[in-house]
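*Asks:* One structure coming up, written as structure tokens, with questions to follow.
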Amino acid sequence: MLHSIFLIGCDNIVGKFYRYIYKKNNGYQILKDNIHYGWYDDIRWALFDRDRLEACDWDFEEFVWLPEKDNPYMDMRLPPKELDNWRQYVYPRDGGFMIQKKINGRLKYFGVYSTLEEALDVRDELIENGWKIT
């Protein structure tokens with residue numbers, strides 16, 4: 001369910017979770033062109049409303065009048081809670097996936113990889129080695 005609408009810029013965004021959906025604290029928000037369209041406790045509702053907003057070309061007034069329908073994402077299997085940060089330290093970048101981590105107060109980059117799987121494998125190896133490049 002849509003919790004709030006703010007037509008202002010947002011700060012303290014943790015990271016992009018899905019297209020136009022950002023994870024912040026224990027929830028998700030839809031953000032496009034620095035306009036906040038809503039706050040959600042459940043990613044499935046954020047996905048559903050994001051799709052509905054795209055269908056009406058991000059016109060919120062038209063979105064409000066869209067007929068209610070079943071949320072197809074409710075049948076989606078979600079990862080277990082402990083996997084909530086499965087993409088931690090991995091970010092989309094230039095058509096690939098970049099690994100970065102703050103170490104001793106400085107942001108360190110560990111490369112850009114062509115696939116998410118490759119970046120996650122390298123990230124896992126870095127974690128196992130205490131973020132030392134071997």
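Residue numbering restarts at 1 in every chain; chains get A, B, ... in the order shown in the structure tokens, and ligands count up from 1 in that same order.
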Please provide as a list in words all residues within 12 Å of segment 116-128 of chain A, with the sequence filter that same-chain residues fewer than 2 positions apart are discarded (counting only C-alpha atoms).
*Replies:*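 Non-adjacent residues within range: Asn85, Trp86, Arg87, Gln88, Tyr89, Val90, Tyr91, Pro92, Arg93, Gly95, Gly96, Phe97, Met98, Ile99, Gln100, Lys101, Tyr109, Phe110, Gly111, Val112, Tyr113, Ser114, Gly130, Trp131, Lys132, Ile133 and Thr134 of chain A.
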*Asks:* Generate the output file for the selected residues, C-alpha atoms, as a compact mmCIF listing (two decimals), in the first residue's frame.
*Replies:*
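Output (out-v5.txt):
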```
# COMPACT_ATOMS: atom_id res chain seq x y z
CA ASN A 85 22.05 -7.70 1.51
CA TRP A 86 22.97 -10.20 -1.20
CA ARG A 87 24.13 -7.33 -3.45
CA GLN A 88 26.05 -5.50 -0.74
CA TYR A 89 29.13 -3.70 -2.15
CA VAL A 90 28.00 -4.38 -5.77
CA TYR A 91 26.49 -1.55 -7.85
CA PRO A 92 25.44 -1.19 -11.52
CA ARG A 93 28.01 0.86 -13.44
CA GLY A 95 26.74 -1.54 -18.34
CA GLY A 96 28.49 -3.77 -15.80
CA PHE A 97 28.73 -4.18 -12.04
CA MET A 98 31.22 -2.35 -9.85
CA ILE A 99 32.52 -3.49 -6.46
CA GLN A 100 33.29 -0.80 -3.91
CA LYS A 101 33.70 -0.64 -0.12
CA TYR A 109 37.09 0.36 -5.90
CA PHE A 110 37.66 -3.27 -6.78
CA GLY A 111 36.79 -3.22 -10.46
CA VAL A 112 33.86 -3.35 -12.86
CA TYR A 113 32.64 -6.76 -14.06
CA SER A 114 30.50 -7.59 -17.06
CA GLY A 130 39.46 -9.61 4.38
CA TRP A 131 39.28 -7.30 1.35
CA LYS A 132 42.92 -7.95 0.47
CA ILE A 133 43.64 -8.41 -3.22
CA THR A 134 45.59 -11.63 -3.79
```
*Asks:* With only C-alpha atoms as the counted atoms, please give the residues lying no more than 10 Å from segment 58-68 of chain A, apart from itself and same-chain residues fewer than 5 positions off, as an mmCIF file with N, CA and C atoms, in the first residue's frame.
*Replies:*
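Writing done, so here's result_15.cif:
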```
data_model
loop_
_atom_site.group_PDB
_atom_site.id
_atom_site.type_symbol
_atom_site.label_atom_id
_atom_site.label_comp_id
_atom_site.auth_asym_id
_atom_site.auth_seq_id
_atom_site.Cartn_x
_atom_site.Cartn_y
_atom_site.Cartn_z
ATOM 1 N N ILE A 5 3.382 10.480 -0.406
ATOM 2 C CA ILE A 5 3.843 11.056 -1.659
ATOM 3 C C ILE A 5 4.547 12.365 -1.328
ATOM 4 N N LYS A 32 12.091 8.694 -8.942
ATOM 5 C CA LYS A 32 12.442 8.935 -10.344
ATOM 6 C C LYS A 32 12.600 10.430 -10.537
ATOM 7 N N TYR A 37 7.849 8.886 -5.030
ATOM 8 C CA TYR A 37 6.468 8.495 -5.301
ATOM 9 C C TYR A 37 5.861 7.619 -4.218
ATOM 10 N N ASP A 49 3.474 -0.908 -7.813
ATOM 11 C CA ASP A 49 3.160 0.502 -8.052
ATOM 12 C C ASP A 49 4.142 1.145 -9.030
ATOM 13 N N ARG A 50 5.391 0.712 -9.044
ATOM 14 C CA ARG A 50 6.354 1.216 -10.024
ATOM 15 C C ARG A 50 5.859 0.898 -11.440
ATOM 16 N N ASP A 51 5.396 -0.331 -11.644
ATOM 17 C CA ASP A 51 4.881 -0.726 -12.959
ATOM 18 C C ASP A 51 3.646 0.088 -13.333
ATOM 19 N N ARG A 52 2.777 0.333 -12.357
ATOM 20 C CA ARG A 52 1.562 1.121 -12.621
ATOM 21 C C ARG A 52 1.920 2.574 -12.937
ATOM 22 N N LEU A 53 2.909 3.130 -12.237
ATOM 23 C CA LEU A 53 3.355 4.497 -12.535
ATOM 24 C C LEU A 53 3.953 4.584 -13.942
#
```
*Asks:* If you measure from atom CA of Asn25 of chain A to atom CA of Arg44 of chain A, what distance in Å do you get, rounded to one decimal?
*Replies:* 16.5 Å
*Asks:* Suppose you want the space between atom CA of Ile30 of chain A and atom CA of Arg106 of chain A; what is it in Å?
*Replies:*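 Pair atom CA of Ile30 of chain A / atom CA of Arg106 of chain A returns 29.1 Å.
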*Asks:* Separation of atom CA of Tyr40 of chain A and atom CA of Tyr22 of chain A, in Å?
*Replies:*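 Spanning atom CA of Tyr40 of chain A to atom CA of Tyr22 of chain A is a straight-line distance of 10.2 Å.
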*Asks:* Kindly indicate which residue among A:Ala46, A:Lys24, A:Gln29, A:Asn34 lies nearest to Asn71 of chain A, using only C-alpha atoms for the distances.
*Replies:*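 Counting only C-alpha atoms, the residue closest to Asn71 of chain A is A:Ala46.
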*Asks:* Name the residues of segment 26-103 of chain A that fall into strand (DSSP E or B) according to DSSP on the backbone, using the chain letters and numbers of this document, as a VMD selection string.
*Replies:* chain A and resid 27 to 32 35 to 40 90 to 93 96 to 103
*Asks:* Would you save the residues from that selection as an mmCIF file, in the first residue's frame, using N, CA and C atoms?
*Replies:*
```
data_model
loop_
_atom_site.group_PDB
_atom_site.id
_atom_site.type_symbol
_atom_site.label_atom_id
_atom_site.label_comp_id
_atom_site.auth_asym_id
_atom_site.auth_seq_id
_atom_site.Cartn_x
_atom_site.Cartn_y
_atom_site.Cartn_z
ATOM 1 N N GLY A 27 12.784 -0.408 4.483
ATOM 2 C CA GLY A 27 11.730 -0.320 3.492
ATOM 3 C C GLY A 27 12.269 0.011 2.121
ATOM 4 N N TYR A 28 11.352 0.320 1.228
ATOM 5 C CA TYR A 28 11.682 0.599 -0.164
ATOM 6 C C TYR A 28 10.936 1.848 -0.598
ATOM 7 N N GLN A 29 11.553 2.618 -1.482
ATOM 8 C CA GLN A 29 10.864 3.783 -2.007
ATOM 9 C C GLN A 29 11.030 3.843 -3.511
ATOM 10 N N ILE A 30 10.037 4.434 -4.164
ATOM 11 C CA ILE A 30 10.093 4.651 -5.601
ATOM 12 C C ILE A 30 10.571 6.078 -5.798
ATOM 13 N N LEU A 31 11.634 6.239 -6.581
ATOM 14 C CA LEU A 31 12.230 7.547 -6.807
ATOM 15 C C LEU A 31 12.610 7.662 -8.274
ATOM 16 N N LYS A 32 12.091 8.694 -8.942
ATOM 17 C CA LYS A 32 12.442 8.935 -10.344
ATOM 18 C C LYS A 32 12.600 10.430 -10.537
ATOM 19 N N ILE A 35 11.988 12.726 -7.679
ATOM 20 C CA ILE A 35 10.631 12.806 -7.134
ATOM 21 C C ILE A 35 10.333 11.491 -6.427
ATOM 22 N N HIS A 36 9.927 11.587 -5.179
ATOM 23 C CA HIS A 36 9.619 10.427 -4.349
ATOM 24 C C HIS A 36 8.139 10.093 -4.521
ATOM 25 N N TYR A 37 7.849 8.886 -5.030
ATOM 26 C CA TYR A 37 6.468 8.495 -5.301
ATOM 27 C C TYR A 37 5.861 7.619 -4.218
ATOM 28 N N GLY A 38 6.630 7.139 -3.284
ATOM 29 C CA GLY A 38 6.017 6.328 -2.250
ATOM 30 C C GLY A 38 7.014 5.541 -1.432
ATOM 31 N N TRP A 39 6.566 5.127 -0.262
ATOM 32 C CA TRP A 39 7.365 4.352 0.687
ATOM 33 C C TRP A 39 6.630 3.046 0.960
ATOM 34 N N TYR A 40 7.345 1.929 0.927
ATOM 35 C CA TYR A 40 6.716 0.610 1.036
ATOM 36 C C TYR A 40 7.474 -0.262 2.022
ATOM 37 N N VAL A 90 28.058 -4.222 -4.312
ATOM 38 C CA VAL A 90 28.004 -4.379 -5.770
ATOM 39 C C VAL A 90 26.958 -3.405 -6.314
ATOM 40 N N TYR A 91 27.364 -2.596 -7.306
ATOM 41 C CA TYR A 91 26.493 -1.553 -7.852
ATOM 42 C C TYR A 91 26.539 -1.555 -9.374
ATOM 43 N N PRO A 92 25.411 -1.301 -10.049
ATOM 44 C CA PRO A 92 25.440 -1.189 -11.517
ATOM 45 C C PRO A 92 26.321 -0.013 -11.929
ATOM 46 N N ARG A 93 27.116 -0.217 -12.976
ATOM 47 C CA ARG A 93 28.011 0.864 -13.441
ATOM 48 C C ARG A 93 28.428 0.610 -14.882
ATOM 49 N N GLY A 96 27.968 -2.627 -16.554
ATOM 50 C CA GLY A 96 28.489 -3.769 -15.800
ATOM 51 C C GLY A 96 28.156 -3.602 -14.333
ATOM 52 N N PHE A 97 28.965 -4.226 -13.479
ATOM 53 C CA PHE A 97 28.735 -4.175 -12.036
ATOM 54 C C PHE A 97 30.044 -3.893 -11.322
ATOM 55 N N MET A 98 30.033 -2.820 -10.537
ATOM 56 C CA MET A 98 31.219 -2.349 -9.848
ATOM 57 C C MET A 98 31.196 -2.821 -8.393
ATOM 58 N N ILE A 99 32.381 -3.150 -7.876
ATOM 59 C CA ILE A 99 32.516 -3.494 -6.459
ATOM 60 C C ILE A 99 33.225 -2.325 -5.785
ATOM 61 N N GLN A 100 32.641 -1.854 -4.680
ATOM 62 C CA GLN A 100 33.288 -0.799 -3.905
ATOM 63 C C GLN A 100 32.958 -0.988 -2.433
ATOM 64 N N LYS A 101 33.883 -0.539 -1.570
ATOM 65 C CA LYS A 101 33.696 -0.640 -0.120
ATOM 66 C C LYS A 101 34.491 0.471 0.547
ATOM 67 N N LYS A 102 33.928 1.010 1.602
ATOM 68 C CA LYS A 102 34.642 2.031 2.380
ATOM 69 C C LYS A 102 35.562 1.309 3.360
ATOM 70 N N ILE A 103 36.853 1.600 3.261
ATOM 71 C CA ILE A 103 37.867 1.003 4.131
ATOM 72 C C ILE A 103 38.682 2.144 4.734
#
```
*Asks:* So which residues touch Asn26 of chain A within 10 Å, counting only C-alpha atoms, skipping near sequence neighbours fewer than 3 positions away, as a count of residues only?
*Replies:* 4
*Asks:* Tell me, which residues of segment 35-127 of chain A carry DSSP alpha helix (DSSP H), written as a PyMOL selection string?
*Replies:* chain A and resi 43-55+60-64+116-127
*Asks:* Please dump the current selection as an mmCIF file, in the first residue's frame; keep N, CA and C atoms.
*Replies:*
```cif
data_model
loop_
_atom_site.group_PDB
_atom_site.id
_atom_site.type_symbol
_atom_site.label_atom_id
_atom_site.label_comp_id
_atom_site.auth_asym_id
_atom_site.auth_seq_id
_atom_site.Cartn_x
_atom_site.Cartn_y
_atom_site.Cartn_z
ATOM 1 N N ILE A 43 8.670 -5.115 -0.822
ATOM 2 C CA ILE A 43 9.204 -4.876 -2.163
ATOM 3 C C ILE A 43 8.174 -5.198 -3.232
ATOM 4 N N ARG A 44 7.309 -6.176 -2.979
ATOM 5 C CA ARG A 44 6.332 -6.572 -3.990
ATOM 6 C C ARG A 44 5.348 -5.452 -4.299
ATOM 7 N N TRP A 45 4.965 -4.667 -3.287
ATOM 8 C CA TRP A 45 4.061 -3.535 -3.532
ATOM 9 C C TRP A 45 4.803 -2.401 -4.233
ATOM 10 N N ALA A 46 6.067 -2.222 -3.921
ATOM 11 C CA ALA A 46 6.852 -1.207 -4.605
ATOM 12 C C ALA A 46 6.982 -1.551 -6.094
ATOM 13 N N LEU A 47 7.239 -2.806 -6.414
ATOM 14 C CA LEU A 47 7.330 -3.242 -7.807
ATOM 15 C C LEU A 47 6.004 -3.022 -8.531
ATOM 16 N N PHE A 48 4.923 -3.381 -7.871
ATOM 17 C CA PHE A 48 3.586 -3.259 -8.450
ATOM 18 C C PHE A 48 3.268 -1.796 -8.772
ATOM 19 N N ASP A 49 3.474 -0.908 -7.813
ATOM 20 C CA ASP A 49 3.160 0.502 -8.052
ATOM 21 C C ASP A 49 4.142 1.145 -9.030
ATOM 22 N N ARG A 50 5.391 0.712 -9.044
ATOM 23 C CA ARG A 50 6.354 1.216 -10.024
ATOM 24 C C ARG A 50 5.859 0.898 -11.440
ATOM 25 N N ASP A 51 5.396 -0.331 -11.644
ATOM 26 C CA ASP A 51 4.881 -0.726 -12.959
ATOM 27 C C ASP A 51 3.646 0.088 -13.333
ATOM 28 N N ARG A 52 2.777 0.333 -12.357
ATOM 29 C CA ARG A 52 1.562 1.121 -12.621
ATOM 30 C C ARG A 52 1.920 2.574 -12.937
ATOM 31 N N LEU A 53 2.909 3.130 -12.237
ATOM 32 C CA LEU A 53 3.355 4.497 -12.535
ATOM 33 C C LEU A 53 3.953 4.584 -13.942
ATOM 34 N N GLU A 54 4.731 3.584 -14.321
ATOM 35 C CA GLU A 54 5.303 3.573 -15.670
ATOM 36 C C GLU A 54 4.205 3.488 -16.722
ATOM 37 N N ALA A 55 3.150 2.713 -16.433
ATOM 38 C CA ALA A 55 2.045 2.551 -17.385
ATOM 39 C C ALA A 55 1.330 3.877 -17.647
ATOM 40 N N PHE A 60 1.104 11.139 -11.647
ATOM 41 C CA PHE A 60 0.547 10.648 -10.385
ATOM 42 C C PHE A 60 -0.968 10.770 -10.334
ATOM 43 N N GLU A 61 -1.525 11.835 -10.904
ATOM 44 C CA GLU A 61 -2.981 11.986 -10.868
ATOM 45 C C GLU A 61 -3.661 10.867 -11.642
ATOM 46 N N GLU A 62 -3.100 10.493 -12.780
ATOM 47 C CA GLU A 62 -3.648 9.366 -13.541
ATOM 48 C C GLU A 62 -3.444 8.064 -12.765
ATOM 49 N N PHE A 63 -2.291 7.928 -12.121
ATOM 50 C CA PHE A 63 -1.987 6.733 -11.331
ATOM 51 C C PHE A 63 -3.021 6.513 -10.225
ATOM 52 N N VAL A 64 -3.407 7.593 -9.546
ATOM 53 C CA VAL A 64 -4.369 7.492 -8.445
ATOM 54 C C VAL A 64 -5.693 6.929 -8.935
ATOM 55 N N LEU A 116 26.634 -9.676 -13.221
ATOM 56 C CA LEU A 116 26.383 -9.625 -11.786
ATOM 57 C C LEU A 116 26.994 -10.837 -11.089
ATOM 58 N N GLU A 117 26.867 -11.998 -11.702
ATOM 59 C CA GLU A 117 27.396 -13.226 -11.096
ATOM 60 C C GLU A 117 28.903 -13.126 -10.889
ATOM 61 N N GLU A 118 29.614 -12.604 -11.898
ATOM 62 C CA GLU A 118 31.065 -12.454 -11.786
ATOM 63 C C GLU A 118 31.421 -11.483 -10.657
ATOM 64 N N ALA A 119 30.703 -10.371 -10.581
ATOM 65 C CA ALA A 119 30.967 -9.380 -9.533
ATOM 66 C C ALA A 119 30.688 -9.968 -8.152
ATOM 67 N N LEU A 120 29.611 -10.728 -8.023
ATOM 68 C CA LEU A 120 29.288 -11.340 -6.726
ATOM 69 C C LEU A 120 30.342 -12.368 -6.323
ATOM 70 N N ASP A 121 30.847 -13.145 -7.298
ATOM 71 C CA ASP A 121 31.903 -14.124 -7.007
ATOM 72 C C ASP A 121 33.175 -13.421 -6.513
ATOM 73 N N VAL A 122 33.577 -12.350 -7.202
ATOM 74 C CA VAL A 122 34.775 -11.605 -6.807
ATOM 75 C C VAL A 122 34.557 -10.970 -5.436
ATOM 76 N N ARG A 123 33.373 -10.385 -5.225
ATOM 77 C CA ARG A 123 33.045 -9.771 -3.929
ATOM 78 C C ARG A 123 33.141 -10.792 -2.800
ATOM 79 N N ASP A 124 32.591 -11.991 -3.021
ATOM 80 C CA ASP A 124 32.641 -13.036 -1.993
ATOM 81 C C ASP A 124 34.079 -13.440 -1.684
ATOM 82 N N GLU A 125 34.910 -13.516 -2.712
ATOM 83 C CA GLU A 125 36.322 -13.855 -2.512
ATOM 84 C C GLU A 125 37.039 -12.748 -1.732
ATOM 85 N N LEU A 126 36.719 -11.485 -2.050
ATOM 86 C CA LEU A 126 37.303 -10.360 -1.317
ATOM 87 C C LEU A 126 36.901 -10.404 0.151
ATOM 88 N N ILE A 127 35.655 -10.701 0.422
ATOM 89 C CA ILE A 127 35.189 -10.792 1.812
ATOM 90 C C ILE A 127 35.936 -11.892 2.559
#
```
